[in-house]
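Next up, start-v5.cif (mmCIF, C-alpha atoms):
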data_target
#
loop_
_atom_site.label_atom_id
_atom_site.label_comp_id
_atom_site.auth_asym_id
_atom_site.auth_seq_id
_atom_site.Cartn_x
_atom_site.Cartn_y
_atom_site.Cartn_z
CA MET O 1 -54.27 26.76 -12.63
CA SER O 2 -57.49 26.41 -10.69
CA PRO O 3 -59.33 29.45 -9.42
CA VAL O 4 -59.03 28.18 -5.83
CA GLU O 5 -55.47 27.72 -4.75
CA PRO O 6 -54.43 27.21 -1.19
CA ALA O 7 -52.77 30.32 0.11
CA GLU O 8 -49.41 30.09 1.76
CA LYS O 9 -49.79 30.03 5.47
CA THR O 10 -47.61 32.83 6.73
CA PRO O 11 -48.15 34.19 10.18
CA ALA O 12 -49.38 37.75 10.26
CA ASP O 13 -47.45 38.42 13.45
CA PRO O 14 -44.07 36.67 13.90
CA ALA O 15 -44.28 37.16 17.68
CA ALA O 16 -47.46 35.04 17.76
CA THR O 17 -45.51 31.92 16.80
CA GLU O 18 -42.78 32.36 19.44
CA ASP O 19 -42.84 30.57 22.74
CA PRO O 20 -43.86 32.68 25.75
CA GLU O 21 -41.16 33.97 28.03
CA PRO O 22 -40.42 31.70 31.01
CA ALA O 23 -41.14 34.53 33.46
CA GLU O 24 -44.68 35.02 32.14
CA PRO O 25 -47.33 33.63 34.48
CA VAL O 26 -49.04 30.49 33.22
CA PRO O 27 -52.31 29.22 34.71
CA ALA O 28 -51.48 26.52 37.25
CA GLY O 29 -54.87 24.75 37.35
CA LEU O 30 -56.27 23.51 40.64
CA LEU O 31 -53.93 24.09 43.55
CA PHE O 32 -53.71 22.71 47.06
CA VAL O 33 -53.86 25.87 49.20
CA PRO O 34 -52.78 25.66 52.86
CA VAL O 35 -55.43 26.88 55.32
CA ARG O 36 -55.79 27.42 59.05
CA PRO O 37 -58.93 27.30 61.18
CA GLY O 38 -60.71 30.63 61.61
CA PRO O 39 -63.85 31.94 63.29
CA ALA O 40 -65.96 31.48 60.13
CA GLY O 41 -64.42 28.25 58.84
CA CYS O 42 -61.00 27.98 57.24
CA THR O 43 -58.76 30.85 56.20
CA ALA O 44 -56.05 30.76 53.53
CA ARG O 45 -52.54 31.04 54.88
CA PHE O 46 -50.30 33.70 53.38
CA PHE O 47 -46.54 33.58 53.66
CA ARG O 48 -43.54 35.90 53.31
CA THR O 49 -40.98 35.83 50.54
CA PRO O 50 -37.26 35.91 51.44
CA LEU O 51 -37.37 39.68 50.88
CA GLY O 52 -40.34 40.11 53.23
CA GLY O 53 -43.18 40.57 50.73
CA ARG O 54 -46.47 38.74 51.26
CA THR O 55 -47.37 35.92 48.90
CA ALA O 56 -50.17 33.44 48.43
CA VAL O 57 -48.96 29.85 48.17
CA GLY O 58 -50.36 26.92 46.24
CA PHE O 59 -49.10 23.41 45.59
CA THR O 60 -49.75 21.29 42.52
CA SER O 61 -50.03 18.09 44.59
CA ALA O 62 -50.89 17.09 48.13
CA ALA O 63 -47.53 15.30 48.36
CA ARG O 64 -45.62 18.52 47.66
CA LEU O 65 -47.67 20.37 50.26
CA ALA O 66 -46.97 17.66 52.86
CA ALA O 67 -43.25 17.61 52.00
CA THR O 68 -42.95 21.36 52.54
CA LEU O 69 -45.41 22.14 55.36
CA GLY O 70 -45.93 18.75 57.00
CA SER O 71 -48.57 16.07 56.75
CA GLU O 72 -50.83 17.73 59.35
CA GLN O 73 -51.32 20.89 57.24
CA ALA O 74 -54.96 21.33 56.22
CA CYS O 75 -55.65 22.46 52.65
CA ILE O 76 -58.41 23.28 50.18
CA ARG O 77 -58.49 23.06 46.38
CA LEU O 78 -58.65 26.39 44.57
CA SER O 79 -57.90 27.46 41.03
CA GLU O 80 -55.17 30.01 40.47
CA PRO O 81 -57.63 32.83 39.55
CA ALA O 82 -59.72 32.07 42.65
CA LEU O 83 -56.65 32.22 44.89
CA ARG O 84 -55.56 35.51 43.32
CA ALA O 85 -59.09 36.93 43.78
CA LEU O 86 -59.05 35.81 47.42
CA ALA O 87 -55.68 37.43 48.08
CA ALA O 88 -56.16 40.68 46.13
CA PRO O 89 -58.38 42.53 48.69
CA LEU O 90 -55.68 41.90 51.30
CA GLY O 91 -53.00 43.50 49.12
CA VAL O 92 -51.30 40.19 48.32
CA THR O 93 -50.50 40.17 44.61
CA ALA O 94 -47.72 37.56 44.45
CA LEU O 95 -48.46 33.87 44.00
CA THR O 96 -45.84 31.21 44.66
CA VAL O 97 -46.52 27.77 43.23
CA ASP O 98 -44.72 24.77 44.74
CA PRO O 99 -42.23 26.50 47.05
CA GLN O 100 -39.57 24.06 48.15
CA PHE O 101 -38.45 25.62 51.42
CA SER O 102 -40.23 27.04 54.41
CA ALA O 103 -38.98 28.35 57.73
CA PRO O 104 -39.94 26.34 60.81
CA ALA O 105 -42.95 27.55 62.75
CA ALA O 106 -42.30 30.08 65.48
CA ASP O 107 -41.86 28.57 68.93
CA ARG O 108 -44.63 30.34 70.84
CA THR O 109 -43.92 28.50 74.09
CA ALA O 110 -40.41 29.98 74.32
CA ALA O 111 -41.80 33.47 73.70
CA ALA O 112 -44.47 32.95 76.38
CA GLU O 113 -41.83 31.84 78.90
CA ARG O 114 -39.68 34.90 78.16
CA GLU O 115 -42.76 37.07 78.65
CA ARG O 116 -43.50 35.44 82.00
CA ALA O 117 -39.87 35.83 83.08
CA ASN O 118 -39.95 39.57 82.32
CA SER O 119 -43.46 40.23 83.63
CA TRP O 120 -42.22 41.06 87.16
CA ARG O 121 -40.72 44.29 85.80
CA ARG O 122 -44.10 45.61 84.77
CA ARG O 123 -45.84 44.72 88.01
CA HIS O 124 -43.11 45.45 90.52
CA PRO O 125 -44.51 47.95 93.08
CA GLN O 126 -41.38 50.08 93.03
CA HIS O 127 -41.59 50.54 89.26
CA VAL O 128 -45.30 51.29 89.35
CA GLY O 129 -44.67 53.85 92.09
CA ALA O 130 -41.94 55.51 90.03
CA LEU O 131 -44.35 55.91 87.14
CA ARG O 132 -46.97 57.44 89.41
CA VAL O 133 -44.47 59.90 90.88
CA THR O 134 -43.21 60.83 87.41
CA GLY O 135 -46.77 61.33 86.17
CA ALA O 136 -47.65 63.47 89.21
CA ALA O 137 -44.53 65.60 88.71
CA ALA O 138 -45.52 66.19 85.08
CA VAL O 139 -49.02 67.30 86.13
CA VAL O 140 -47.60 69.69 88.72
CA ALA O 141 -45.17 71.13 86.15
CA CYS O 142 -48.04 71.74 83.72
CA LEU O 143 -50.13 73.42 86.44
CA ASN O 144 -47.18 75.66 87.32
CA LEU O 145 -46.92 76.72 83.68
CA LEU O 146 -50.64 77.48 83.51
CA ILE O 147 -50.77 79.37 86.80
CA GLY O 148 -47.64 81.23 85.94
#
Entire entry expressed as structure tokens:
Amino acid sequence: MSPVEPAEKTPADPAATEDPEPAEPVPAGLLFVPVRPGPAGCTARFFRTPLGGRTAVGFTSAARLAATLGSEQACIRLSEPALRALAAPLGVTALTVDPQFSAPAADRTAAAERERANSWRRRHPQHVGALRVTGAAAVVACLNLLIG
């Protein structure tokens, strides 16, 4: 027997040889992050989960981003740690990679038309007068309480 024998290779920690759990986060590499124009350049878009929580979103390919958000969606390339660091000061801790579904964009023209249709109620002279009379009555009631 030689003085130098190869030692048996046994792992010191059996858990070290096991595969990681599927739910554990794995670095995603460079991501295509959707952005929108802002006053100082582009701003990352954050989305809502089905339960209402805020999440940062990244796509592993430009094709997946276009399939989900449309071909006109602008994007930048960021690593996963950079996206998390960008989102953390805003309180966004979740990161969704390659979401498959997204809700359609809100129809702002319909909301603007509803607003215009209901705007007469706020500017109608009779309603404004009623608010003035109610406010004057409240002031008189307060003065009566103070005077006694």
Could you jot down the CA of Val92 (chain O) to CA of Gly41 (chain O) separation for me, Å, one decimal place?
20.6 Å
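Contact shell of Pro34 (chain O) at 7 Å (all atoms listed in the file; same-chain neighbours under 6 positions omitted): Ala44, Arg45, Gln73, Ala74, Cys75 and Ile76 of chain O.
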So that I have them on file, write out the residues from the current selection with C-alpha atoms, as a PDB file, in the coordinates of the input.
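Everything below was put into again.pdb:
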ATOM      1  CA  ALA O  44     -56.050  30.760  53.530  1.00  0.00           C
ATOM      2  CA  ARG O  45     -52.540  31.040  54.880  1.00  0.00           C
ATOM      3  CA  GLN O  73     -51.320  20.890  57.240  1.00  0.00           C
ATOM      4  CA  ALA O  74     -54.960  21.330  56.220  1.00  0.00           C
ATOM      5  CA  CYS O  75     -55.650  22.460  52.650  1.00  0.00           C
ATOM      6  CA  ILE O  76     -58.410  23.280  50.180  1.00  0.00           C
TER       7      ILE O  76
END
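With CA of Gln100 (chain O) on one side and CA of Thr43 (chain O) on the other, the separation reads 21.9 Å.
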Env of Ala82 (chain O): 12 Å cut, atoms = all atoms listed in the file, seq-sep filter 4 positions within chain, self excluded. Answer as a PyMOL selection string.
chain O and resi 27-33+44+56+58+76-78+86-88+95
Selection dump of the PyMOL selection byres ((chain O and resi 69) around 12), as an mmCIF file with C-alpha atoms, in the frame of the given file:
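Result went into expr_32.cif, see below:
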data_model
loop_
_atom_site.group_PDB
_atom_site.id
_atom_site.type_symbol
_atom_site.label_atom_id
_atom_site.label_comp_id
_atom_site.auth_asym_id
_atom_site.auth_seq_id
_atom_site.Cartn_x
_atom_site.Cartn_y
_atom_site.Cartn_z
ATOM 1 C CA PHE O 32 -53.710 22.710 47.060
ATOM 2 C CA VAL O 33 -53.860 25.870 49.200
ATOM 3 C CA PRO O 34 -52.780 25.660 52.860
ATOM 4 C CA VAL O 35 -55.430 26.880 55.320
ATOM 5 C CA ARG O 45 -52.540 31.040 54.880
ATOM 6 C CA PHE O 47 -46.540 33.580 53.660
ATOM 7 C CA VAL O 57 -48.960 29.850 48.170
ATOM 8 C CA GLY O 58 -50.360 26.920 46.240
ATOM 9 C CA PHE O 59 -49.100 23.410 45.590
ATOM 10 C CA ALA O 62 -50.890 17.090 48.130
ATOM 11 C CA ALA O 63 -47.530 15.300 48.360
ATOM 12 C CA ARG O 64 -45.620 18.520 47.660
ATOM 13 C CA LEU O 65 -47.670 20.370 50.260
ATOM 14 C CA ALA O 66 -46.970 17.660 52.860
ATOM 15 C CA ALA O 67 -43.250 17.610 52.000
ATOM 16 C CA THR O 68 -42.950 21.360 52.540
ATOM 17 C CA GLY O 70 -45.930 18.750 57.000
ATOM 18 C CA SER O 71 -48.570 16.070 56.750
ATOM 19 C CA GLU O 72 -50.830 17.730 59.350
ATOM 20 C CA GLN O 73 -51.320 20.890 57.240
ATOM 21 C CA ALA O 74 -54.960 21.330 56.220
ATOM 22 C CA CYS O 75 -55.650 22.460 52.650
ATOM 23 C CA ASP O 98 -44.720 24.770 44.740
ATOM 24 C CA PRO O 99 -42.230 26.500 47.050
ATOM 25 C CA GLN O 100 -39.570 24.060 48.150
ATOM 26 C CA PHE O 101 -38.450 25.620 51.420
ATOM 27 C CA SER O 102 -40.230 27.040 54.410
ATOM 28 C CA ALA O 103 -38.980 28.350 57.730
ATOM 29 C CA PRO O 104 -39.940 26.340 60.810
ATOM 30 C CA ALA O 105 -42.950 27.550 62.750
#
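Between CA of Leu90 (chain O) and CA of Gly53 (chain O) there is a distance of 12.6 Å.
In terms of minimum interatomic distance to Ser79 (chain O), O:Thr60 ranks closest within O:Thr60, O:Asn144, O:Thr93, O:Thr109, counting only C-alpha atoms.
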All heavy atoms restored at region 74-85 of chain O, emitted as a PDB file, in the frame of the given file:
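The resulting file, selection_21.pdb, is reproduced below:
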ATOM      1  N   ALA O  74     -53.671  21.391  56.906  1.00  0.00           N
ATOM      2  CA  ALA O  74     -54.960  21.330  56.220  1.00  0.00           C
ATOM      3  C   ALA O  74     -54.875  22.137  54.920  1.00  0.00           C
ATOM      4  O   ALA O  74     -54.100  23.092  54.816  1.00  0.00           O
ATOM      5  CB  ALA O  74     -56.057  21.901  57.106  1.00  0.00           C
ATOM      6  N   CYS O  75     -55.677  21.751  53.919  1.00  0.00           N
ATOM      7  CA  CYS O  75     -55.650  22.460  52.650  1.00  0.00           C
ATOM      8  C   CYS O  75     -57.017  22.398  51.983  1.00  0.00           C
ATOM      9  O   CYS O  75     -57.862  21.585  52.349  1.00  0.00           O
ATOM     10  CB  CYS O  75     -54.583  21.888  51.720  1.00  0.00           C
ATOM     11  SG  CYS O  75     -54.918  20.222  51.168  1.00  0.00           S
ATOM     12  N   ILE O  76     -57.217  23.292  51.021  1.00  0.00           N
ATOM     13  CA  ILE O  76     -58.410  23.280  50.180  1.00  0.00           C
ATOM     14  C   ILE O  76     -57.940  23.344  48.732  1.00  0.00           C
ATOM     15  O   ILE O  76     -56.807  23.729  48.452  1.00  0.00           O
ATOM     16  CB  ILE O  76     -59.374  24.450  50.487  1.00  0.00           C
ATOM     17  CG1 ILE O  76     -58.672  25.802  50.307  1.00  0.00           C
ATOM     18  CG2 ILE O  76     -59.955  24.317  51.878  1.00  0.00           C
ATOM     19  CD1 ILE O  76     -59.601  26.982  50.416  1.00  0.00           C
ATOM     20  N   ARG O  77     -58.812  22.996  47.804  1.00  0.00           N
ATOM     21  CA  ARG O  77     -58.490  23.060  46.380  1.00  0.00           C
ATOM     22  C   ARG O  77     -59.071  24.344  45.812  1.00  0.00           C
ATOM     23  O   ARG O  77     -60.260  24.598  45.932  1.00  0.00           O
ATOM     24  CB  ARG O  77     -59.067  21.865  45.633  1.00  0.00           C
ATOM     25  CG  ARG O  77     -58.608  20.497  46.075  1.00  0.00           C
ATOM     26  CD  ARG O  77     -57.209  20.130  45.637  1.00  0.00           C
ATOM     27  NE  ARG O  77     -56.883  20.278  44.252  1.00  0.00           N
ATOM     28  CZ  ARG O  77     -56.886  19.309  43.355  1.00  0.00           C
ATOM     29  NH1 ARG O  77     -57.224  18.101  43.683  1.00  0.00           N
ATOM     30  NH2 ARG O  77     -56.522  19.557  42.114  1.00  0.00           N
ATOM     31  N   LEU O  78     -58.227  25.157  45.224  1.00  0.00           N
ATOM     32  CA  LEU O  78     -58.650  26.390  44.570  1.00  0.00           C
ATOM     33  C   LEU O  78     -57.921  26.517  43.239  1.00  0.00           C
ATOM     34  O   LEU O  78     -56.774  26.103  43.114  1.00  0.00           O
ATOM     35  CB  LEU O  78     -58.304  27.622  45.422  1.00  0.00           C
ATOM     36  CG  LEU O  78     -59.104  27.882  46.685  1.00  0.00           C
ATOM     37  CD1 LEU O  78     -58.532  29.079  47.425  1.00  0.00           C
ATOM     38  CD2 LEU O  78     -60.553  28.123  46.357  1.00  0.00           C
ATOM     39  N   SER O  79     -58.580  27.156  42.280  1.00  0.00           N
ATOM     40  CA  SER O  79     -57.900  27.460  41.030  1.00  0.00           C
ATOM     41  C   SER O  79     -57.013  28.682  41.253  1.00  0.00           C
ATOM     42  O   SER O  79     -57.188  29.429  42.215  1.00  0.00           O
ATOM     43  CB  SER O  79     -58.908  27.746  39.921  1.00  0.00           C
ATOM     44  OG  SER O  79     -59.613  28.930  40.205  1.00  0.00           O
ATOM     45  N   GLU O  80     -56.067  28.870  40.344  1.00  0.00           N
ATOM     46  CA  GLU O  80     -55.170  30.010  40.470  1.00  0.00           C
ATOM     47  C   GLU O  80     -55.933  31.345  40.451  1.00  0.00           C
ATOM     48  O   GLU O  80     -55.695  32.207  41.297  1.00  0.00           O
ATOM     49  CB  GLU O  80     -54.116  29.987  39.367  1.00  0.00           C
ATOM     50  CG  GLU O  80     -53.184  31.180  39.424  1.00  0.00           C
ATOM     51  CD  GLU O  80     -52.565  31.521  38.097  1.00  0.00           C
ATOM     52  OE1 GLU O  80     -52.757  30.766  37.129  1.00  0.00           O
ATOM     53  OE2 GLU O  80     -51.907  32.562  38.030  1.00  0.00           O
ATOM     54  N   PRO O  81     -56.885  31.568  39.527  1.00  0.00           N
ATOM     55  CA  PRO O  81     -57.630  32.830  39.550  1.00  0.00           C
ATOM     56  C   PRO O  81     -58.421  33.029  40.841  1.00  0.00           C
ATOM     57  O   PRO O  81     -58.529  34.148  41.338  1.00  0.00           O
ATOM     58  CB  PRO O  81     -58.563  32.727  38.340  1.00  0.00           C
ATOM     59  CG  PRO O  81     -57.923  31.738  37.431  1.00  0.00           C
ATOM     60  CD  PRO O  81     -57.219  30.773  38.333  1.00  0.00           C
ATOM     61  N   ALA O  82     -58.970  31.947  41.396  1.00  0.00           N
ATOM     62  CA  ALA O  82     -59.720  32.070  42.650  1.00  0.00           C
ATOM     63  C   ALA O  82     -58.802  32.454  43.795  1.00  0.00           C
ATOM     64  O   ALA O  82     -59.158  33.283  44.643  1.00  0.00           O
ATOM     65  CB  ALA O  82     -60.436  30.758  42.960  1.00  0.00           C
ATOM     66  N   LEU O  83     -57.608  31.875  43.839  1.00  0.00           N
ATOM     67  CA  LEU O  83     -56.650  32.220  44.890  1.00  0.00           C
ATOM     68  C   LEU O  83     -56.194  33.667  44.758  1.00  0.00           C
ATOM     69  O   LEU O  83     -56.096  34.391  45.745  1.00  0.00           O
ATOM     70  CB  LEU O  83     -55.454  31.269  44.858  1.00  0.00           C
ATOM     71  CG  LEU O  83     -54.377  31.481  45.910  1.00  0.00           C
ATOM     72  CD1 LEU O  83     -54.963  31.436  47.314  1.00  0.00           C
ATOM     73  CD2 LEU O  83     -53.278  30.443  45.751  1.00  0.00           C
ATOM     74  N   ARG O  84     -55.955  34.103  43.528  1.00  0.00           N
ATOM     75  CA  ARG O  84     -55.560  35.510  43.320  1.00  0.00           C
ATOM     76  C   ARG O  84     -56.698  36.456  43.723  1.00  0.00           C
ATOM     77  O   ARG O  84     -56.462  37.487  44.336  1.00  0.00           O
ATOM     78  CB  ARG O  84     -55.188  35.740  41.855  1.00  0.00           C
ATOM     79  CG  ARG O  84     -53.854  35.146  41.480  1.00  0.00           C
ATOM     80  CD  ARG O  84     -53.461  35.558  40.058  1.00  0.00           C
ATOM     81  NE  ARG O  84     -52.262  34.907  39.618  1.00  0.00           N
ATOM     82  CZ  ARG O  84     -51.027  35.307  39.909  1.00  0.00           C
ATOM     83  NH1 ARG O  84     -50.846  36.374  40.646  1.00  0.00           N
ATOM     84  NH2 ARG O  84     -49.978  34.656  39.454  1.00  0.00           N
ATOM     85  N   ALA O  85     -57.944  36.096  43.403  1.00  0.00           N
ATOM     86  CA  ALA O  85     -59.090  36.930  43.780  1.00  0.00           C
ATOM     87  C   ALA O  85     -59.276  36.960  45.292  1.00  0.00           C
ATOM     88  O   ALA O  85     -59.680  37.978  45.853  1.00  0.00           O
ATOM     89  CB  ALA O  85     -60.354  36.409  43.108  1.00  0.00           C
TER      90      ALA O  85
END
